[in-house]
Each structure stands twice: as structure tokens, then as C-alpha cells.
Amino acid sequence: MACARQPDYRTTPAPASKELVGEDPSGRDFEFYSRSIALLIGESGYLNWRKLSNVPQEMKSLTAALEVNGFEVLRYDDLKGSELRDVVPCVLASEIDRPGMRVLVFFAGHGATRTIMGNTVGYVVPVDGPVAPNAADLDKPEFRTTAVSMNQFVQWAEEIEAKHALFIFDSCFSGSILDARGQLPTSAKPSNYVFSDLANKPLREFIASGTAEQTVPEPSTFTSLLVQALLGEAPEADANHDDYVTSSELISYLKGFVPRYIPNETPVSGRIRDEKLDKGDFIFKLPRPNRGESVARAVDSSSSVTFRRVFRGAPGNNAKQIYEVEGLLTTKTYGCSSACVDGAPIYNLDIRLPSSLPNPALLDEVDLRCVAGDCANFDLVSGPSLAADHASAKVTFKAWGAPSTWRMTATVLMSGTGEGKIPVFDSVSKQVTALAATEFIPILTNSRPDPASDPKIKLILNSLESDDEPTRRDARDKLATVIALSSPEIINSLIRQVPTGSYRFQLGLMVALGKLNAGWNASDPIALDIVRTLVQKNDVDSTLKSAASRALSNLRLYAFYEVGADGWLTKAGQLRPINGRKPPLPAPASIAKNTVLQAASNVNLRSGPGSTSHVMAILNQDECVRVVDPDSIAATGQWMKVAQANCSPP
């Protein structure tokens, strides 16, 4: 059956069936799905609502991530209301040809909520949606005949014969379906769960990026985190470390992490109220990422290129502000050995600076690397090369064999204000805001290691989930011993799994962090925020809250202490002993271990000694820290390792 409108993009050829097969605990091939279809709808060129200019690029990123997960993607851009009502049921009816299929429907665009007889109903808004400045306009026939309600999507979901169907909406609204059966699992599933009868029961599940009161942000952190999870680049999403991400794990990951980047965005979820369609789990088989060498630097003009609103530099550096451009591209299957490279497909990739950036802005450090799939069969044709004006970069390469996914990144440098402030570019308003260092904490964007890739750590993490209490206690001690010798990045990666981990994992990790004799160091402010949340939230179990409090007090950061020529505070050094309210202050070398220092104004606490280390937290005026390592003073001048403390002598 031919639909009235053909997709703007379709995966050709369809992914190999091996992507849908896994090896069960007995070593036999287990076919999860007979076929995988993803219907993506991206609405960006709105006529009457705010345009969403980043949606096309984000849809291409998602396309690449789904293709490497074995999906055949059908993508539609800027559907009108009448087209949307035709395309969804037509594609579902014409493409769903096997009962064992999995179907993913993704909508990116605006959403709205109406109240009908006391019940809230969510709607997705197509590009020709009429102007709706207030709730009264949503009740007009013009809106109701153009927008498509969640109830309609529920009906479409019930009518298909697929094994698993997952509907994801990067739009904001609420409705009864998203309030139904939305509870998250209380513990991590066993490693062989995806092969169980329960996981493979029929399922119709819904996820939305936000509630009715929240607006769609741009660029989309929700979609970015979703792509990371599907590519296996977010170990937090794979709660039981089995190399599969289920829809339950995905929902837990998104609910735990989206609000940490966008505080006013809270994903919601739900399952159809039907006992025959609400038991299973949508299963993603994670690609095995290639950890090899970076081979080039750049991105395809036809692939996804997203300008991120992410700071990657040090707040103390006023000379430049570093942002990132990134993109994804999935190559196609091409049956070619090394002897027929000449006939292999050619991929042209480039990155260009957004024209809206303030001058001067420079492109640098363009990088192309394979992140999943067949990473062995490629050949550089030309480049990578950076234009003389640093406004664009380019590379051309060939790829053959099985499909592979490539991530392209580049840095964008923007000049500082010269006033000790940090320029922050907003890609929605196209404006640059200058923030003081005390108003801004960076989000790190470098890749994070997966602790579960270490067999020793993975064994300990499994023991934390044991039903035997002595085994769990022993695992906490072993975990403390192992992470005491680990890098801060490993510790941070473990902490980032807390929002999606089981209670036993959360408690075990917090206890281990509290046991470290030398304390622990954070190099990621998100990890620090996660521990703080466990301490501050009212709904956290008292045992876990107490363990998190001990872990937080065992955190080690670095602060700057300096005494001026007059024996008093300098502009840079704003810490003083709690009894030092008048000059002269003690010299840095005379500060002893356990000295309590008080902030005379807001003070940056950093991940390491030196102004180029990342700001992890702000010590507010009159708050205190305790010196825990006086040796660091002699080694690094005025920098000292500190821990949180009450403002009273030890």
C-alpha cells in the first residue's frame, strides 16, 4: 500500500538481520525481533508557532543512532496536519508485516494540552498549526482539526500487531496515557532479563520529553541524551551492564539525567492500560563502540550537525570560550573486499561555523571517529583540512563492508569579554550573555569510561545486588579498595549511574565513597550534583541519605588561599581562617591540616590545583571548608585540598 506522501528519507538497504539477534545464556542465537521499523517525524518550519531550527539536524543524529541499532528508518520532515493524520496510520499499516516486529515512532516538535471535561489530553502540533497564544484558542475548531491528540496515537498503537511499540515525543504536554503505569523499576534486572518471557511479552509504551507547563528547549538535550544511550555512550542507561538497554532503563535514564542539564524539563512516561500490552520491555542491543584511534577531523553536509550550548573551557580563562559542534553519519552496506576499494561509496563531510555567531569565532580541532559498527573498512580520500579563515573544515572518505556510525566533532572558540566574564552563546535567541565565573559551572563533554568494562569492578557491582547481606557488605569494602586506586573519571562514571541504578547499587557506592581514607575527587559537576541530590531530597531513604551525606563530606576539592603584602585578603584570595577577621592573616605555608577556612566572598572550588581546573562548586560567602592536605600547599603555592566543614574549630 503506497502512502499519499513518501518519506523524505528511507534507510537503503535495510539493516542486516544479525543486529536483531543476541546470544542467550545457553550460547544459542536468540532472535529478539523479526524486523525493526522507526518512523521519525520532525516538525521545524512552523508557520505560526516558534520555529525549531535544530530539529532537522537532531533527527539526522537519531537516524544514524537507530540505523546502527538495526532499524530501517522512515523519516518525514514538516508534515501538515492532514499529512500527519495520513502518514502515521498508513506507514504502520503498510510496514508492519510481521508479528515479531519492533516499531519506534518518534515525533519532534511543539505539543499542547487541552482540558476536556476535567481530563487533560495532549496534542502534537504540525507545522500548519494555527496560532494559539492562550488556552482558549486550543478549544477552537482550527486547532482541533489540525493538531493530533495522544488518544489518536494510543488508538494507532493498539491496532498494530507488532511485538513491541515505543512512541517517543520530544514535545511538551500531558495526558492520561502518560500518567498511567509510569512507575520505574525499583531494582536492576538480572543480566539475562532480556531473554526472559516477561521482557518479550507485548508492549505499547509512551515517553514525552516534558509536561504541559514546560516549553520545548532548543537544541534538545532530551534527544541528545537519547542518542548517547542508543550508541552505548551513556553507561548510566545500561543499569545492569548487560549491553542491552530496555525501555524501562531508557526511561529511568532520561528522567534522571534530562533535569540535570535542563532543570525545568521533566520527561514523563506511561503504558497502555491493557494487561495484554503492558508487560514487556522494548529492547535495544547496544552497538560495540570502536575505542580506536581518531582517523580524521570533520562532518557530512547531509548528516547531522548540531551546535551545542555547552561550555568546555575553564571559567578562569577569560581569553576564549570553547563550544562544540558535532554530528553523526551512518554508512551503508557495501559488499566490497579490500581489493575493490575503488568502487566503494564516497562520503563528503564538512563543518561550517553558524553565521549567527558573534565575531571573532574560530573553528578548530575538527575530529571524525568511528563510534560503532564496521570500523575497519574505510579509506581517507582527502583532508581533513581546515579553511584559512577557520570558518569551515572538510574531509572525504570511503567506507565499505557492514554499516558503521561516525561521530564528527569540532571546537568553536569565542573571545572572552575582557572583563573577567564568560561569554555564553544561546543558539535559540542568537544572543551572547556574559556571566561571571561565580554564576556559571561548566558541564564536561569529554567521553567517560565505562567502569563495567573492568571485569573486577563488574564482579563487585554484581555482588552489590546480591540478596545475601554479608556479600553486599563485603562488596562495598572491595569497591572502596578498587576505586581508591581509580581515576576520578571512573568514580564520576559510577556516580552518574546512581539515578538509574538500584537502591542496593546506590547505597553500596555511597558507603564506599564514605570509606575512602584519602577521600575522593570529582572532575564532573554533574556527579557532584547527583550526590548532593541524595542528601537534599526529601523522598530519599534515611539510610541512603546518611550514606550520601558521609560521601559528600568525604569529597576533596581545591581552593585558593592567598595573603597580600598588607597581610590581608587579596582580590584573588578570599579565604581566611575563621578567627582571622583582622590582619595579618597566616602565610599559606603555616596553614596546618584541619584548619577551618571561611569564605569572605563567593569562592570557586575546583577539581584540581590551578585556575585551569574545572569549577566544581561555589563556596558561598561565610561558608567553610577544612584543609585536609597541607602538603598540597607546599607543592602548588596557594592551592590546597579541602573538604566541606562546619564553621567551627576542629
# chains A, B, ... in the order shown; residues from 1 in each chain; ligands from 1
call {"tool": "residues_around", "arguments": {"residues": "A:Thr63", "least_positions_apart": "6", "cutoff": "9 Å", "atoms": "only C-alpha atoms", "output": "PyMOL selection string"}}
result
chain A and resi 11+38+40+71+73-75+328-330
call {"tool": "closest_residue", "arguments": {"among": "A:Ala522, A:Ile116, A:Leu459, A:Leu226", "to": "A:Pro488", "atoms": "only C-alpha atoms"}}
result
A:Ala522
call {"tool": "residues_around", "arguments": {"residues": "A:Asp454", "least_positions_apart": "6", "cutoff": "12 Å", "atoms": "only C-alpha atoms", "output": "PyMOL selection string"}}
result
chain A and resi 241+460-461+482-483+486+490
call {"tool": "select_by_dssp", "arguments": {"residues": "stretch 135-270 of chain A", "states": "strand (DSSP E or B)", "output": "PyMOL selection string"}}
result
chain A and resi 148-149+164-172+203-210+244-246+268-270
call {"tool": "write_last_selection", "arguments": {"atoms": "C-alpha atoms", "output": "CSV table (one decimal), in the first residue's frame"}}
result
chain,number,residue,atom,x,y,z
A,148,VAL,CA,-3.3,15.3,16.6
A,149,SER,CA,-4.2,14.0,20.1
A,164,HIS,CA,6.9,-4.1,20.9
A,165,ALA,CA,6.0,-0.5,20.1
A,166,LEU,CA,7.6,2.6,21.6
A,167,PHE,CA,6.2,6.1,20.9
A,168,ILE,CA,8.6,8.9,21.9
A,169,PHE,CA,7.6,12.6,21.8
A,170,ASP,CA,10.2,15.3,22.0
A,171,SER,CA,7.5,17.8,22.8
A,172,CYS,CA,5.8,19.0,25.9
A,203,LEU,CA,4.3,-3.8,24.9
A,204,ARG,CA,2.9,-0.4,23.9
A,205,GLU,CA,4.9,2.3,25.7
A,206,PHE,CA,5.0,6.2,25.5
A,207,ILE,CA,7.6,8.7,26.5
A,208,ALA,CA,7.4,12.5,26.3
A,209,SER,CA,10.2,14.9,27.0
A,210,GLY,CA,8.2,17.3,29.2
A,244,TYR,CA,21.3,-4.1,26.2
A,245,VAL,CA,19.1,-1.0,27.1
A,246,THR,CA,15.4,-1.7,27.7
A,268,VAL,CA,7.1,11.6,31.6
A,269,SER,CA,6.1,8.1,30.5
A,270,GLY,CA,3.3,5.6,30.6
call {"tool": "closest_residue", "arguments": {"among": "A:Leu138, A:Val395, A:Gly373, A:Pro499", "to": "A:Ile251", "atoms": "only C-alpha atoms"}}
result
A:Pro499
call {"tool": "residues_around", "arguments": {"residues": "A:Leu20", "least_positions_apart": "2", "cutoff": "8 Å", "atoms": "only C-alpha atoms", "output": "list in words"}}
result
Ser17, Lys18, Gly22, Glu31, Phe32, Tyr33, Ser34, Arg35, Gly70 and Lys285 of chain A
call {"tool": "write_last_selection", "arguments": {"atoms": "all heavy atoms", "output": "compact mmCIF listing (two decimals), in the first residue's frame"}}
result
# COMPACT_ATOMS: atom_id res chain seq x y z
N SER A 17 20.01 -8.55 9.39
CA SER A 17 19.20 -9.18 10.44
C SER A 17 20.02 -9.55 11.67
O SER A 17 19.47 -9.70 12.75
CB SER A 17 18.52 -10.43 9.89
OG SER A 17 19.49 -11.36 9.42
N LYS A 18 21.35 -9.65 11.53
CA LYS A 18 22.16 -10.05 12.68
C LYS A 18 22.08 -9.03 13.82
O LYS A 18 22.35 -9.36 14.97
CB LYS A 18 23.61 -10.24 12.27
CG LYS A 18 24.32 -8.97 11.80
CD LYS A 18 25.74 -9.26 11.36
CE LYS A 18 26.45 -8.00 10.89
NZ LYS A 18 26.60 -7.02 11.94
N GLY A 22 20.70 -11.95 19.49
CA GLY A 22 21.66 -11.97 20.59
C GLY A 22 21.94 -13.39 21.02
O GLY A 22 21.20 -14.32 20.66
N GLU A 31 16.52 -14.60 18.61
CA GLU A 31 16.01 -13.51 17.77
C GLU A 31 15.02 -12.66 18.56
O GLU A 31 13.93 -13.11 18.90
CB GLU A 31 15.32 -14.07 16.52
CG GLU A 31 14.86 -12.96 15.57
CD GLU A 31 14.17 -13.49 14.33
OE1 GLU A 31 13.00 -13.89 14.44
OE2 GLU A 31 14.81 -13.49 13.26
N PHE A 32 15.43 -11.45 18.85
CA PHE A 32 14.54 -10.55 19.59
C PHE A 32 13.38 -10.08 18.72
O PHE A 32 12.23 -10.05 19.15
CB PHE A 32 15.32 -9.33 20.09
CG PHE A 32 16.34 -9.64 21.15
CD1 PHE A 32 17.68 -9.68 20.84
CD2 PHE A 32 15.94 -9.92 22.44
CE1 PHE A 32 18.62 -9.97 21.82
CE2 PHE A 32 16.86 -10.22 23.43
CZ PHE A 32 18.22 -10.24 23.12
N TYR A 33 13.71 -9.70 17.48
CA TYR A 33 12.69 -9.16 16.58
C TYR A 33 12.93 -9.67 15.16
O TYR A 33 14.06 -9.90 14.75
CB TYR A 33 12.73 -7.63 16.58
CG TYR A 33 12.57 -7.01 17.95
CD1 TYR A 33 13.67 -6.47 18.62
CD2 TYR A 33 11.33 -6.98 18.58
CE1 TYR A 33 13.53 -5.92 19.87
CE2 TYR A 33 11.19 -6.42 19.84
CZ TYR A 33 12.29 -5.90 20.48
OH TYR A 33 12.15 -5.35 21.73
N SER A 34 11.85 -9.83 14.43
CA SER A 34 11.95 -10.27 13.04
C SER A 34 12.27 -9.10 12.11
O SER A 34 12.80 -9.30 11.01
CB SER A 34 10.64 -10.93 12.60
OG SER A 34 9.55 -10.03 12.77
N ARG A 35 11.95 -7.90 12.52
CA ARG A 35 12.22 -6.70 11.72
C ARG A 35 12.04 -5.48 12.62
O ARG A 35 11.30 -5.53 13.61
CB ARG A 35 11.25 -6.62 10.53
CG ARG A 35 11.55 -5.52 9.52
CD ARG A 35 10.50 -5.50 8.42
NE ARG A 35 10.71 -4.39 7.49
CZ ARG A 35 9.74 -3.83 6.77
NH1 ARG A 35 8.50 -4.29 6.87
NH2 ARG A 35 10.00 -2.83 5.96
N GLY A 70 20.00 -1.38 14.08
CA GLY A 70 19.25 -2.35 13.29
C GLY A 70 17.91 -1.89 12.80
O GLY A 70 17.11 -2.71 12.33
N LYS A 285 19.76 -3.42 21.38
CA LYS A 285 21.05 -4.11 21.50
C LYS A 285 22.14 -3.09 21.21
O LYS A 285 22.27 -2.59 20.10
CB LYS A 285 21.12 -5.26 20.49
CG LYS A 285 22.43 -6.04 20.52
CD LYS A 285 22.42 -7.10 19.42
CE LYS A 285 23.73 -7.85 19.37
NZ LYS A 285 23.77 -8.81 18.24
